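Shown below: run14.csv, with CSV, C-alpha atoms.
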chain,number,residue,atom,x,y,z
I,8,MET,CA,-33.5,35.2,1.4
I,9,SER,CA,-32.3,37.1,4.5
I,10,SER,CA,-28.7,38.3,4.7
I,11,GLU,CA,-28.2,35.9,7.6
I,12,THR,CA,-29.5,32.9,5.6
I,13,SER,CA,-27.4,34.0,2.6
I,14,ALA,CA,-24.3,34.2,4.8
I,15,ARG,CA,-24.9,30.7,6.2
I,16,SER,CA,-25.3,29.3,2.6
I,17,ALA,CA,-22.1,31.0,1.4
I,18,GLU,CA,-20.2,29.6,4.4
I,19,SER,CA,-21.6,26.1,3.7
I,20,ARG,CA,-20.6,26.3,0.1
I,21,LYS,CA,-17.1,27.5,1.1
I,22,GLN,CA,-16.7,24.5,3.5
I,23,GLU,CA,-18.0,22.1,0.9
I,24,LEU,CA,-15.4,23.4,-1.7
I,25,ALA,CA,-12.6,23.0,0.9
I,26,LEU,CA,-13.4,19.2,1.2
I,27,SER,CA,-11.7,16.7,-1.0
I,28,LEU,CA,-12.4,13.0,-1.5
I,29,ARG,CA,-10.0,10.2,-2.0
I,30,VAL,CA,-10.7,6.4,-2.4
I,31,VAL,CA,-8.5,4.2,-0.2
I,32,SER,CA,-7.9,0.9,-2.1
I,33,GLU,CA,-4.9,-0.7,-0.5
I,34,SER,CA,-4.9,-2.8,2.7
I,35,TYR,CA,-1.8,-1.0,4.1
I,36,GLU,CA,-3.6,2.4,3.8
I,37,PHE,CA,-6.7,0.9,5.5
I,38,ALA,CA,-4.5,-0.2,8.4
I,39,ALA,CA,-2.9,3.3,8.6
I,40,LEU,CA,-6.3,4.9,9.1
I,41,LYS,CA,-6.8,3.3,12.5
I,42,ASP,CA,-6.1,6.3,14.7
I,43,GLU,CA,-8.0,8.8,12.6
I,44,TRP,CA,-10.9,6.4,12.2
I,45,ASP,CA,-11.1,5.7,15.9
I,46,SER,CA,-10.9,9.4,16.7
I,47,LEU,CA,-13.7,10.2,14.3
I,48,ALA,CA,-15.9,7.4,15.7
I,49,ALA,CA,-15.3,8.6,19.2
I,50,GLU,CA,-16.7,12.0,18.3
I,51,CYS,CA,-19.8,10.5,16.7
I,52,PRO,CA,-22.3,9.7,19.4
I,53,ASP,CA,-24.6,7.8,17.1
I,54,CYS,CA,-21.9,5.4,15.8
I,55,ASP,CA,-22.4,1.8,16.7
I,56,PHE,CA,-19.7,-0.9,17.3
I,57,PHE,CA,-20.0,-2.2,13.8
I,58,VAL,CA,-18.6,0.9,12.2
I,59,THR,CA,-15.5,1.0,14.4
I,60,TRP,CA,-12.1,0.4,12.7
I,61,THR,CA,-11.6,-2.7,15.0
I,62,TRP,CA,-14.7,-4.5,13.6
I,63,VAL,CA,-14.4,-3.4,10.0
I,64,HIS,CA,-10.7,-4.1,9.7
I,65,ALA,CA,-11.1,-7.5,11.3
I,66,TRP,CA,-13.8,-8.4,8.9
I,67,TRP,CA,-11.6,-7.3,6.0
I,68,GLU,CA,-8.7,-9.4,7.2
I,69,LYS,CA,-10.8,-12.6,7.4
I,70,PHE,CA,-13.5,-12.2,4.7
I,71,GLY,CA,-12.6,-9.4,2.3
I,72,ARG,CA,-9.2,-10.1,0.8
I,73,ASP,CA,-10.8,-11.5,-2.5
I,74,PHE,CA,-12.7,-8.2,-3.1
I,75,GLU,CA,-11.7,-4.7,-4.1
I,76,LEU,CA,-11.3,-2.3,-1.3
I,77,ARG,CA,-13.0,1.1,-1.7
I,78,ILE,CA,-13.0,3.4,1.4
I,79,TYR,CA,-14.3,6.8,0.5
I,80,THR,CA,-12.5,9.3,2.7
I,81,VAL,CA,-13.2,13.0,3.0
I,82,ARG,CA,-10.6,15.5,4.2
I,83,ASP,CA,-10.6,19.3,4.7
I,84,GLN,CA,-7.9,21.6,3.3
I,85,ASP,CA,-5.7,21.0,6.4
I,86,GLY,CA,-5.8,17.2,5.7
I,87,GLN,CA,-8.0,16.4,8.7
I,88,LEU,CA,-10.3,13.4,8.2
I,89,ARG,CA,-13.9,14.7,8.3
I,90,GLY,CA,-15.7,11.5,7.2
I,91,LEU,CA,-15.6,8.2,5.5
I,92,LEU,CA,-17.8,5.5,3.9
I,93,PRO,CA,-16.1,2.1,4.0
I,94,CYS,CA,-17.1,-0.1,1.0
I,95,TYR,CA,-15.8,-2.9,-1.1
I,96,LEU,CA,-16.5,-4.0,-4.7
I,97,GLN,CA,-17.6,-7.6,-5.4
I,98,GLN,CA,-17.9,-9.4,-8.7
I,99,GLN,CA,-21.0,-11.6,-8.9
I,100,ARG,CA,-23.0,-13.7,-11.4
I,101,ILE,CA,-26.6,-14.6,-11.8
I,102,VAL,CA,-28.9,-16.5,-14.2
I,103,PHE,CA,-26.9,-19.7,-14.3
I,104,GLY,CA,-23.6,-17.7,-14.1
I,105,MET,CA,-24.2,-16.0,-17.4
I,106,VAL,CA,-24.8,-12.4,-16.2
I,107,GLU,CA,-21.9,-10.8,-14.6
I,108,PHE,CA,-22.3,-7.7,-12.4
I,109,TYR,CA,-20.4,-5.6,-9.8
I,110,GLU,CA,-21.8,-4.8,-6.4
I,111,LEU,CA,-20.6,-2.0,-4.2
I,112,ARG,CA,-21.3,-2.9,-0.5
I,113,TYR,CA,-20.6,-1.6,2.9
I,114,LEU,CA,-17.5,-3.3,4.5
I,115,GLY,CA,-18.4,-5.9,7.0
I,116,THR,CA,-21.6,-7.0,5.2
I,117,GLY,CA,-22.6,-9.7,2.8
I,118,ILE,CA,-20.8,-12.6,4.4
I,119,GLY,CA,-19.5,-13.5,7.7
I,120,PRO,CA,-20.8,-12.6,11.2
I,121,GLN,CA,-24.0,-10.8,12.1
I,122,SER,CA,-23.7,-7.1,12.3
I,123,SER,CA,-25.9,-4.0,11.9
I,124,TYR,CA,-26.1,-0.2,11.9
I,125,HIS,CA,-23.6,0.4,9.1
I,126,ASP,CA,-23.4,4.0,8.2
I,127,LEU,CA,-21.3,6.9,7.0
I,128,ILE,CA,-18.9,7.9,9.8
I,129,ALA,CA,-18.6,11.7,10.5
I,130,ARG,CA,-19.0,14.1,13.4
I,131,PRO,CA,-22.6,15.3,13.7
I,132,LYS,CA,-21.8,18.8,12.5
I,133,ASP,CA,-20.0,17.4,9.4
I,134,ARG,CA,-22.5,14.7,8.3
I,135,ALA,CA,-24.5,16.7,5.8
I,136,LEU,CA,-21.3,18.1,4.1
I,137,VAL,CA,-19.6,14.8,4.0
I,138,THR,CA,-22.7,13.2,2.6
I,139,LYS,CA,-22.9,15.9,-0.1
I,140,THR,CA,-19.3,15.2,-1.0
I,141,ILE,CA,-19.5,11.4,-1.2
I,142,ILE,CA,-22.7,11.0,-3.1
I,143,PRO,CA,-21.7,12.8,-6.3
I,144,HIS,CA,-18.5,10.7,-6.4
I,145,LEU,CA,-20.6,7.5,-6.1
I,146,VAL,CA,-22.8,8.8,-9.0
I,147,SER,CA,-19.7,9.5,-11.1
I,148,GLU,CA,-18.4,6.0,-10.4
I,149,SER,CA,-21.7,4.3,-11.2
I,150,ALA,CA,-20.1,2.9,-14.4
I,151,VAL,CA,-17.8,0.9,-12.1
I,152,TRP,CA,-20.7,-0.8,-10.2
I,153,ASP,CA,-24.1,-2.1,-11.3
I,154,VAL,CA,-25.6,-2.3,-7.8
I,155,LEU,CA,-24.9,-0.2,-4.6
I,156,THR,CA,-26.1,-2.1,-1.5
I,157,LEU,CA,-26.0,-0.5,1.9
I,158,ASN,CA,-27.3,-3.1,4.5
I,159,ASP,CA,-29.0,-2.5,7.8
I,160,MET,CA,-28.3,1.2,8.1
I,161,PRO,CA,-29.9,3.2,11.0
I,162,ALA,CA,-33.3,4.5,9.8
I,163,GLU,CA,-32.1,8.0,10.8
I,164,SER,CA,-28.9,7.8,8.6
I,165,PRO,CA,-28.7,10.8,6.1
I,166,LEU,CA,-27.9,8.3,3.4
I,167,THR,CA,-31.4,6.8,3.6
I,168,ARG,CA,-32.9,10.2,2.7
I,169,THR,CA,-30.3,11.7,0.3
I,170,LEU,CA,-29.3,8.8,-1.9
I,171,PRO,CA,-32.7,8.4,-3.7
I,172,ARG,CA,-32.9,12.2,-4.1
I,173,ASP,CA,-29.3,12.9,-5.2
I,174,MET,CA,-28.8,9.9,-7.5
I,175,PRO,CA,-31.1,10.6,-10.4
I,176,GLY,CA,-31.3,8.0,-13.1
I,177,HIS,CA,-31.0,5.0,-10.7
I,178,LEU,CA,-33.6,2.5,-9.6
I,179,PHE,CA,-34.0,2.2,-5.8
I,180,GLN,CA,-35.2,-0.6,-3.6
I,181,GLY,CA,-35.6,-0.4,0.2
I,182,LYS,CA,-36.5,-2.7,3.0
I,183,ARG,CA,-37.1,-1.7,6.6
I,184,THR,CA,-36.4,-4.2,9.4
I,185,PRO,CA,-37.0,-3.9,13.1
I,186,THR,CA,-34.3,-4.9,15.6
I,187,ALA,CA,-35.0,-5.7,19.2
I,188,ILE,CA,-33.7,-3.4,22.0
I,189,VAL,CA,-33.8,-3.7,25.7
I,190,GLU,CA,-33.6,-0.3,27.4
I,191,LEU,CA,-32.3,-1.4,30.8
I,192,PRO,CA,-34.0,-0.6,34.0
I,193,PRO,CA,-32.0,-0.3,37.3
I,194,SER,CA,-32.5,-3.9,38.5
I,195,TRP,CA,-33.3,-7.4,37.2
I,196,ALA,CA,-36.5,-7.5,39.2
I,197,PHE,CA,-37.6,-4.2,37.6
I,198,TYR,CA,-36.8,-5.7,34.2
I,199,LEU,CA,-39.0,-8.7,34.9
I,200,GLU,CA,-41.9,-6.4,35.8
I,201,THR,CA,-41.6,-4.6,32.4
I,202,LEU,CA,-42.3,-7.8,30.5
I,203,GLU,CA,-45.8,-9.0,29.4
I,204,PRO,CA,-47.2,-11.5,31.9
I,205,ASP,CA,-46.9,-14.5,29.5
I,206,ASP,CA,-43.4,-13.5,28.5
I,207,ARG,CA,-42.3,-13.1,32.1
I,208,ALA,CA,-43.8,-16.5,32.9
I,209,ASN,CA,-41.9,-18.1,30.0
I,210,LEU,CA,-38.6,-16.6,31.0
I,211,ILE,CA,-39.0,-17.6,34.7
I,212,ALA,CA,-40.0,-21.2,33.6
I,213,CYS,CA,-37.0,-21.3,31.3
I,214,ARG,CA,-34.6,-20.4,34.1
I,215,GLU,CA,-36.3,-22.9,36.4
I,216,ARG,CA,-36.0,-25.7,33.9
I,217,PHE,CA,-32.3,-25.0,33.7
I,218,ALA,CA,-31.9,-24.8,37.5
I,219,PHE,CA,-33.6,-28.2,38.0
I,220,GLU,CA,-31.6,-30.0,35.3
I,221,GLY,CA,-28.7,-31.4,37.3
I,222,SER,CA,-26.5,-32.4,34.3
I,223,VAL,CA,-26.6,-28.9,32.8
I,224,GLU,CA,-24.6,-25.8,33.9
I,225,PHE,CA,-24.3,-22.2,32.8
I,226,GLY,CA,-21.0,-20.6,32.0
I,227,LEU,CA,-19.6,-17.1,31.4
I,228,ASP,CA,-16.3,-16.8,29.7
I,229,THR,CA,-14.1,-13.7,30.0
I,230,ASP,CA,-10.6,-15.0,29.8
I,231,LYS,CA,-8.9,-15.9,26.6
I,232,SER,CA,-8.5,-19.6,27.0
I,233,ALA,CA,-12.1,-20.2,28.0
I,234,ILE,CA,-13.3,-18.0,25.1
I,235,ARG,CA,-11.2,-19.9,22.6
I,236,GLU,CA,-12.8,-23.1,23.7
I,237,SER,CA,-16.3,-21.7,23.4
I,238,LEU,CA,-15.5,-20.2,20.0
I,239,ALA,CA,-14.3,-23.6,18.8
I,240,THR,CA,-17.6,-25.1,19.8
I,241,LEU,CA,-19.5,-22.2,18.1
I,242,THR,CA,-17.5,-23.0,14.9
I,243,ASP,CA,-18.6,-26.6,15.1
I,244,LEU,CA,-22.3,-25.7,15.8
I,245,SER,CA,-22.6,-23.0,13.3
I,246,GLN,CA,-23.6,-23.4,9.7
I,247,SER,CA,-21.4,-21.7,7.0
I,248,ARG,CA,-22.5,-18.2,6.1
I,249,GLY,CA,-22.6,-16.9,2.5
I,250,GLY,CA,-20.4,-19.7,1.2
I,251,GLN,CA,-17.8,-19.2,3.9
I,252,SER,CA,-16.6,-22.2,5.9
I,253,PRO,CA,-17.3,-22.4,9.7
I,254,LYS,CA,-13.6,-22.1,10.1
I,255,SER,CA,-13.6,-18.6,8.7
I,256,LEU,CA,-16.2,-17.6,11.2
I,257,GLY,CA,-14.2,-19.1,14.0
I,258,ASP,CA,-11.0,-17.4,12.9
I,259,PHE,CA,-12.8,-14.0,12.8
I,260,PHE,CA,-14.2,-14.4,16.4
I,261,ASN,CA,-10.8,-15.5,17.7
I,262,LEU,CA,-9.3,-12.4,16.2
I,263,MET,CA,-12.1,-10.2,17.7
I,264,SER,CA,-11.7,-11.9,21.1
I,265,GLY,CA,-8.0,-11.1,21.1
I,266,LEU,CA,-8.7,-7.5,20.3
I,267,LEU,CA,-11.4,-7.0,22.9
I,268,SER,CA,-10.9,-9.5,25.7
I,269,GLU,CA,-8.3,-7.5,27.6
I,270,SER,CA,-11.0,-4.9,28.4
I,271,LYS,CA,-13.6,-7.7,29.0
I,272,ARG,CA,-15.6,-6.3,26.2
I,273,PHE,CA,-15.9,-9.7,24.5
I,274,ARG,CA,-17.7,-12.4,26.3
I,275,THR,CA,-19.1,-15.8,25.6
I,276,TYR,CA,-22.1,-17.4,27.5
I,277,THR,CA,-22.4,-21.1,27.4
I,278,VAL,CA,-24.7,-24.0,28.3
I,279,LYS,CA,-22.9,-27.3,29.1
I,280,GLN,CA,-24.4,-30.7,29.5
I,281,ASN,CA,-22.4,-33.4,31.3
I,282,GLY,CA,-19.3,-31.2,30.7
I,283,THR,CA,-19.9,-30.7,27.0
I,284,THR,CA,-20.7,-27.2,25.6
I,285,GLU,CA,-24.0,-27.4,23.8
I,286,ALA,CA,-24.9,-23.7,23.3
I,287,VAL,CA,-22.8,-20.5,22.8
I,288,LEU,CA,-23.8,-16.8,22.7
I,289,VAL,CA,-21.2,-14.2,21.7
I,290,THR,CA,-21.6,-10.7,23.1
I,291,TYR,CA,-19.7,-7.4,22.6
I,292,HIS,CA,-19.8,-4.5,25.1
I,293,TRP,CA,-19.1,-1.1,23.5
I,294,ARG,CA,-19.9,2.3,25.0
I,295,ASP,CA,-23.2,1.8,26.9
I,296,THR,CA,-24.5,-1.1,24.8
I,297,LEU,CA,-24.2,-4.9,25.1
I,298,TYR,CA,-24.7,-6.5,21.7
I,299,CYS,CA,-26.0,-10.1,21.7
I,300,ALA,CA,-24.6,-11.3,18.4
I,301,GLU,CA,-23.8,-14.8,17.3
I,302,PHE,CA,-25.6,-17.8,18.8
I,303,ALA,CA,-25.5,-21.5,18.1
I,304,ALA,CA,-26.9,-24.5,20.0
I,305,SER,CA,-27.2,-28.3,19.6
I,306,SER,CA,-30.5,-30.2,19.7
I,307,ALA,CA,-29.4,-31.8,23.0
I,308,VAL,CA,-30.4,-28.7,25.0
I,309,SER,CA,-33.3,-27.4,22.8
I,310,ALA,CA,-35.9,-28.2,25.5
I,311,LEU,CA,-34.1,-25.8,27.8
I,312,ASP,CA,-34.7,-22.9,25.4
I,313,PRO,CA,-31.0,-22.0,25.4
I,314,TYR,CA,-31.3,-18.7,23.5
I,315,ARG,CA,-33.8,-17.3,26.0
I,316,LEU,CA,-31.7,-18.5,28.9
I,317,LEU,CA,-28.3,-17.1,27.7
I,318,VAL,CA,-29.8,-13.7,26.6
I,319,SER,CA,-31.5,-13.3,29.9
I,320,ARG,CA,-28.2,-13.9,31.6
I,321,ALA,CA,-26.6,-11.3,29.4
I,322,ILE,CA,-29.3,-8.8,30.2
I,323,GLU,CA,-28.8,-9.5,33.9
I,324,ASP,CA,-25.1,-8.9,33.6
I,325,ALA,CA,-25.6,-5.8,31.6
I,326,ILE,CA,-27.8,-4.3,34.3
I,327,ALA,CA,-25.1,-5.2,36.9
I,328,ILE,CA,-22.3,-3.5,35.0
I,329,GLY,CA,-24.4,-0.3,34.4
I,330,ALA,CA,-25.0,-0.6,30.7
I,331,SER,CA,-27.9,1.4,29.2
I,332,ARG,CA,-29.2,-1.1,26.7
I,333,VAL,CA,-28.9,-4.6,25.3
I,334,ASP,CA,-29.2,-4.9,21.5
I,335,LEU,CA,-30.5,-8.3,20.2
I,336,LEU,CA,-29.9,-7.3,16.6
I,337,GLY,CA,-31.9,-8.7,13.7
I,338,GLY,CA,-32.9,-12.3,12.8
I,339,ASN,CA,-35.8,-14.2,14.2
I,340,LEU,CA,-37.7,-11.5,16.1
I,341,ASP,CA,-40.4,-13.7,17.7
I,342,ILE,CA,-38.4,-14.7,20.8
I,343,LYS,CA,-36.5,-11.4,20.8
I,344,ARG,CA,-39.8,-9.4,21.1
I,345,GLN,CA,-40.6,-11.4,24.2
I,346,LEU,CA,-37.4,-10.2,25.8
I,347,ALA,CA,-37.4,-6.7,24.6
I,348,LEU,CA,-40.2,-4.0,24.7
I,349,GLN,CA,-38.4,-1.6,22.3
I,350,THR,CA,-37.3,-1.9,18.7
I,351,ARG,CA,-35.0,0.1,16.5
I,352,GLU,CA,-35.5,0.2,12.7
I,353,THR,CA,-32.8,-0.4,10.1
I,354,VAL,CA,-33.0,0.2,6.4
I,355,THR,CA,-31.4,-1.8,3.6
I,356,LEU,CA,-31.1,0.4,0.5
I,357,GLY,CA,-30.2,-0.8,-3.0
I,358,ALA,CA,-29.4,1.5,-5.9
I,359,TYR,CA,-29.4,0.0,-9.4
I,360,ARG,CA,-28.2,1.3,-12.7
I,361,ALA,CA,-31.2,2.1,-14.9
I,362,ASN,CA,-30.2,-0.4,-17.7
I,363,ASN,CA,-31.4,-3.9,-18.5
I,364,LYS,CA,-28.9,-5.5,-16.2
I,365,GLY,CA,-29.8,-3.2,-13.3
I,366,LYS,CA,-33.5,-3.9,-13.8
I,367,LEU,CA,-32.9,-7.7,-13.9
I,368,ILE,CA,-30.9,-7.6,-10.7
I,369,ARG,CA,-33.6,-5.6,-8.9
I,370,LEU,CA,-36.4,-7.8,-10.1
I,371,ARG,CA,-34.5,-10.9,-8.9
I,372,ARG,CA,-34.0,-9.4,-5.5
I,373,GLU,CA,-37.6,-8.3,-5.2
I,374,PHE,CA,-38.6,-11.9,-5.9
I,375,ARG,CA,-36.2,-13.3,-3.3
I,376,GLN,CA,-37.4,-10.8,-0.7
I,377,ARG,CA,-41.1,-11.2,-1.4
I,378,GLY,CA,-42.9,-11.2,1.9
I,379,GLY,CA,-40.8,-8.5,3.5
I,380,GLN,CA,-41.6,-4.8,3.5
I,381,ILE,CA,-40.3,-3.8,0.1
I,382,THR,CA,-40.7,-0.5,-1.6
I,383,SER,CA,-39.2,0.4,-5.0
I,384,ASN,CA,-39.4,3.3,-7.4
I,385,SER,CA,-38.4,3.6,-11.0

Here is a file; write its structure as C-alpha cells.
Amino acid sequence: MSSETSARSAESRKQELALSLRVVSESYEFAALKDEWDSLAAECPDCDFFVTWTWVHAWWEKFGRDFELRIYTVRDQDGQLRGLLPCYLQQQRIVFGMVEFYELRYLGTGIGPQSSYHDLIARPKDRALVTKTIIPHLVSESAVWDVLTLNDMPAESPLTRTLPRDMPGHLFQGKRTPTAIVELPPSWAFYLETLEPDDRANLIACRERFAFEGSVEFGLDTDKSAIRESLATLTDLSQSRGGQSPKSLGDFFNLMSGLLSESKRFRTYTVKQNGTTEAVLVTYHWRDTLYCAEFAASSAVSALDPYRLLVSRAIEDAIAIGASRVDLLGGNLDIKRQLALQTRETVTLGAYRANNKGKLIRLRREFRQRGGQITSNS
C-alpha cells in the first residue's frame, strides 16, 4: 500500500470515527429536522422528490401515526447532519394471524400514495461513510425487526450493493423493476417524432377522439379551490390502498396540495364529461422533473383512453415550462412504454433474519411475487 493510499485510509477512518448515529423516534423531533433535512436534500443532486422532508413528513402525518418512528440520523463531531435513513417499524401477522413479526420499512412506503426512489439521504462525498455508519447499527438492531424492506430504491443506491455484503447472517431477496422516463426534447413536435410509428399514431388518435367528443373537456387545475374539487373526485374514484380508506388518500393529497400549490408545483389534470369530472391525474414538479403520480378514471370515459390523454398533456406542459424529464413511475408499464423511450430501474430489497420466522416470511413473499424478477440468496 502506498503512503498516499495509507494516508487516505487513515483519514477515512478518522472521519468515520467522528460520526455518531442517533435514532429519532418522536414526531416532534421529526418536525424539528425540517430545515436540516431540506438543506441536505438540496445538496444531494440525485435525491428525488419522494425523499424530501415535505413528502415524507406529510406521509407520516396521514398514514404513519400507528407505527413506530425510526429515523437514523448521522452527525459529525460538530453536530452537523451528514446523512439520514428515514424508517418506521410496523407490527404484522401472517398465517391466519398466528405468526407475529416486525418489519422495518422506509418512511412513505407500504401504504398510501404511489412513490419511488427511496434512498439514504446524504451529500455525494458523505454517502459511503454515512452508509458504513448506519448499516452496523441496523445489524445490531436486528433483534428488534424480523424483516427490513427498502422499496423502490434507485438501482445505483449504495444500499443495494452494501446491505447484502455488510449484513452477514441474513437472508436477502431482491426485485428489480423498470420505471418509465421521458427525457424531454425541445418541442412537442420533436417529442412526437421520437415515438414509434404505432405509438405516435395511437397518441394522435387519442387526442383526436377527445377533440371530436363535444361533451368532453380537458382541464388543468393549479389554484387551490379547483385542486380540492379534483382531489375529492380522485378520492371517490380511487380504490383504498393497503387497507387505508379513500378518505386517507384524499386527506394526504389535500395536505400536499396546500404545501406545494403556492409555487404551482402541484397540479391536477382532469377530463370532464357534461360538466362531471371523470378522470384525474396528479402531478408534482420538483427540480427539473415532472412526476405523473396518482391516476383514477371512471368507465364513462374509458373509450377516450384518459391516461394517455392526460399524461400527454402533462408532457406537453413539461416541455413548455422547460423541465428536463417526465417520470411516469411504476405500475402498468405497457402504456407507459408507449409514451416513454427510456426507463430507470429501481430495486426493492428485503433482509430477513436467518431463523425459521425469517425463512417463512421470505418464502411467503417469494410465492406472492412469483412471476417477477426475483433473486434470493441464503

> Quick one: residues within 12 Å of Ile328 of chain I, only C-alpha atoms counted, chain neighbours fewer than 3 positions away excluded, as a ChimeraX atom specification?
Replying inline: /I:191,193-195,271-272,292,294-297,321-325,331-333

> When you draw a straight line from atom CA of Ser319 of chain I to atom CA of Arg214 of chain I, how long is it in Å?
Replying inline: 8.8 Å

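Comparing the minimum interatomic distances between Asn339 of chain I and each of I:Pro204, I:Gly115, I:Pro185, I:Gly365, counting only C-alpha atoms, we find that I:Pro185 sits nearest.
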
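Taking atom CA of Thr138 of chain I and atom CA of Met160 of chain I as the two end points, the separation is 14.3 Å.
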
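Nearest-residue note for Leu166 of chain I: choosing from I:Asp205, I:Lys366, I:Thr116, I:Thr355, the minimum distance belongs to I:Thr355, counting all atoms listed in the file.
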
> From the set I:Arg82, I:Arg77, I:Arg207, I:His177, which residue has the shortest atom-to-atom contact distance to Cys94 of chain I, counting only C-alpha atoms?
Replying inline: I:Arg77

>> I'd like the neighbourhood of segment 260-269 of chain I as a PyMOL selection string, where a residue qualifies if any of its atoms comes within 8 Å (using all atoms listed in the file), though same-chain residues fewer than 6 positions away should be ignored.
In response: chain I and resi 61-62+65+229-231+234-235+238

> Counting only C-alpha atoms, which of I:Gly221, I:Gly337, I:Pro120, I:Gly86 gets nearest to Gly282 of chain I?
Replying inline: I:Gly221

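Pairwise distance (atom CA of Gly226 of chain I, atom CA of Thr277 of chain I) equals 4.8 Å.
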
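Every residue within 10 Å of the file position (-8.6, 6.4, 9.5), judged by all atoms listed in the file, is given as Val31, Glu36, Phe37, Ala38, Ala39, Leu40, Lys41, Asp42, Glu43, Trp44, Asp45, Ser46, Leu47, Ala48, Trp60, Ile78, Thr80, Leu88, Arg89, Gly90 and Leu91 of chain I.
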
>> Just want the 8 Å neighbourhood of Tyr359 of chain I, counted on all atoms listed in the file, with same-chain residues fewer than 5 positions away dropped. Output as a VMD selection string.
In response: chain I and resid 153 to 155 177 to 179 365 to 366 368 to 369

>> Counting only C-alpha atoms, which residue out of I:Ser305, I:Thr201, I:Asn209, I:Ser27 sits closest to Leu136 of chain I?
In response: I:Ser27

> Nearest to Ala327 of chain I among I:Ala196, I:Leu288, I:Ala361, I:Leu367, with distances taken over only C-alpha atoms: which residue is it?
Replying inline: I:Ala196

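Residues in contact range of Val289 of chain I, defined as at most 9 Å between only C-alpha atoms, with sequence neighbours fewer than 2 positions away removed, read Leu238, Leu241, Phe260, Phe273, Arg274, Thr275, Tyr276, Val287, Tyr291, Tyr298, Cys299, Ala300, Glu301 and Phe302 of chain I.
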
Pull C-alpha atoms from the residues just selected and write them as an mmCIF file, in the coordinates of the input.
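So the final result, stored in again09.cif, reads:
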data_model
loop_
_atom_site.group_PDB
_atom_site.id
_atom_site.type_symbol
_atom_site.label_atom_id
_atom_site.label_comp_id
_atom_site.auth_asym_id
_atom_site.auth_seq_id
_atom_site.Cartn_x
_atom_site.Cartn_y
_atom_site.Cartn_z
ATOM 1 C CA LEU I 238 -15.500 -20.200 20.000
ATOM 2 C CA LEU I 241 -19.500 -22.200 18.100
ATOM 3 C CA PHE I 260 -14.200 -14.400 16.400
ATOM 4 C CA PHE I 273 -15.900 -9.700 24.500
ATOM 5 C CA ARG I 274 -17.700 -12.400 26.300
ATOM 6 C CA THR I 275 -19.100 -15.800 25.600
ATOM 7 C CA TYR I 276 -22.100 -17.400 27.500
ATOM 8 C CA VAL I 287 -22.800 -20.500 22.800
ATOM 9 C CA TYR I 291 -19.700 -7.400 22.600
ATOM 10 C CA TYR I 298 -24.700 -6.500 21.700
ATOM 11 C CA CYS I 299 -26.000 -10.100 21.700
ATOM 12 C CA ALA I 300 -24.600 -11.300 18.400
ATOM 13 C CA GLU I 301 -23.800 -14.800 17.300
ATOM 14 C CA PHE I 302 -25.600 -17.800 18.800
#

>> Quick one: residues within 7 Å of Tyr124 of chain I, only C-alpha atoms, excluding same-chain residues fewer than 3 positions away - as a list in words?
In response: Asp55, Phe57, Asp159, Met160, Pro161 and Thr353 of chain I
